[in-house]
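*Asks:* I'd like to ask some things about the structure below.
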Amino acid sequence: MKTLVAYMSQTGNTKKVAEAIFGEIREEKEIKKIDEVESLDGYDIAFLGFPMHVEGPDKKTVKLLEKHCVPGRDVVLFITHASPEDGPDLPPMIEKFTQAARGANIVDLFHCQGELAKSVKRIMSIWPNAKFRKWAREDNSQGQPDAARLERARDFAGEVMKRLYVGAEGQVIAGSSKAGH
C-alpha cells in the first residue's frame, strides 16, 4: 500500500500538519507540495491538505481538488484555518472543501486552527465586511497549530490508516476501494 501526503501551505500551518500526518503513517509513503503532484495514480490513499482562504477554498484549491478527486479515488482532506475549531461559522466553510472534492471517496476530514498571517489580519481589520473586521479583532490563533493540535493530527492519521487498512490480524479489511492490495 502506498500513501501520499500532499499539501498547499503559504504560512507553514498546513505544512506542519502534513508533516505530523506523514510521520504517523507506517506504510510506504511520500510527502509533496500539492503543486508537485501530477496525478494520484499509483497511490492507494492520498491525504490532501489546504489552508482556508476567506470562507472556503480558493480557486486554485478548487481546481486541484476537482482534478485529483475522481471517482474511485480514496482521499483524506485536512484543512487549516484561523478559526477556533468550534466556531459556528466553520462548518459551511469546511463543507466547501468537501464539495470541491465530491468526485472522490472522501474517507475522512481533519481540520484545525492555524495561525492567521499578520498581513491577512491587517487586511481583514480594514475589510468592508464587518464580520471580517470582527474576526480580526477576536483572532486567537497565535502559535497555532500548537503541539496538542499536531498530536491530534497524528492520532487522526493513525486511526484513518488503521480503520481503512488493518484488521485485527493485520490484514487488509473491506470497506476500502483498495481492499486486497
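Ligands are numbered from 1 in the order shown, chains are lettered A, B, ... in the order of the C-alpha cells, and residues start at 1 in each chain.
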Extract, using only C-alpha atoms, all DNA, RNA and protein residues at most 10 Å from range 34-44 of chain A, discarding same-chain residues fewer than 3 positions from it, and format them as a ChimeraX atom specification.
*Replies:* /A:1-9,28-31,48-50,61,64,67-70,73-75,176-179,181
*Asks:* Would you mind writing down, as an NGL selection string, each residue of range 7-173 of chain A that DSSP on the backbone assigns to strand (DSSP E or B)?
*Replies:* :A and (7 or 28-33 or 45-51 or 53 or 56 or 74-81 or 105-113)
*Asks:* From range 69-120 of chain A, collect each residue whose DSSP state is helix (DSSP H, G or I) and return the set as a count of residues only.
*Replies:* 14
*Asks:* Near Pro71 in chain A, counting only C-alpha atoms, which residues have an atom at most 10 Å away, once you skip same-chain residues fewer than 3 positions from it, shown as a list of chain:residue names?
*Replies:* A:His68, A:Asp74, A:Ala101, A:Arg102, A:Gly103, A:Ala104, A:Asn105
*Asks:* With a distance cut-off of 6 Å and only C-alpha atoms, select the neighbouring residues of range 121-125 of chain A, excluding the residue or stretch itself and same-chain residues fewer than 4 positions from it, and output the selection as a list in words.
*Replies:*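 Here the qualifying residues turn out to be Phe132, Arg133 and Ala136 of chain A.
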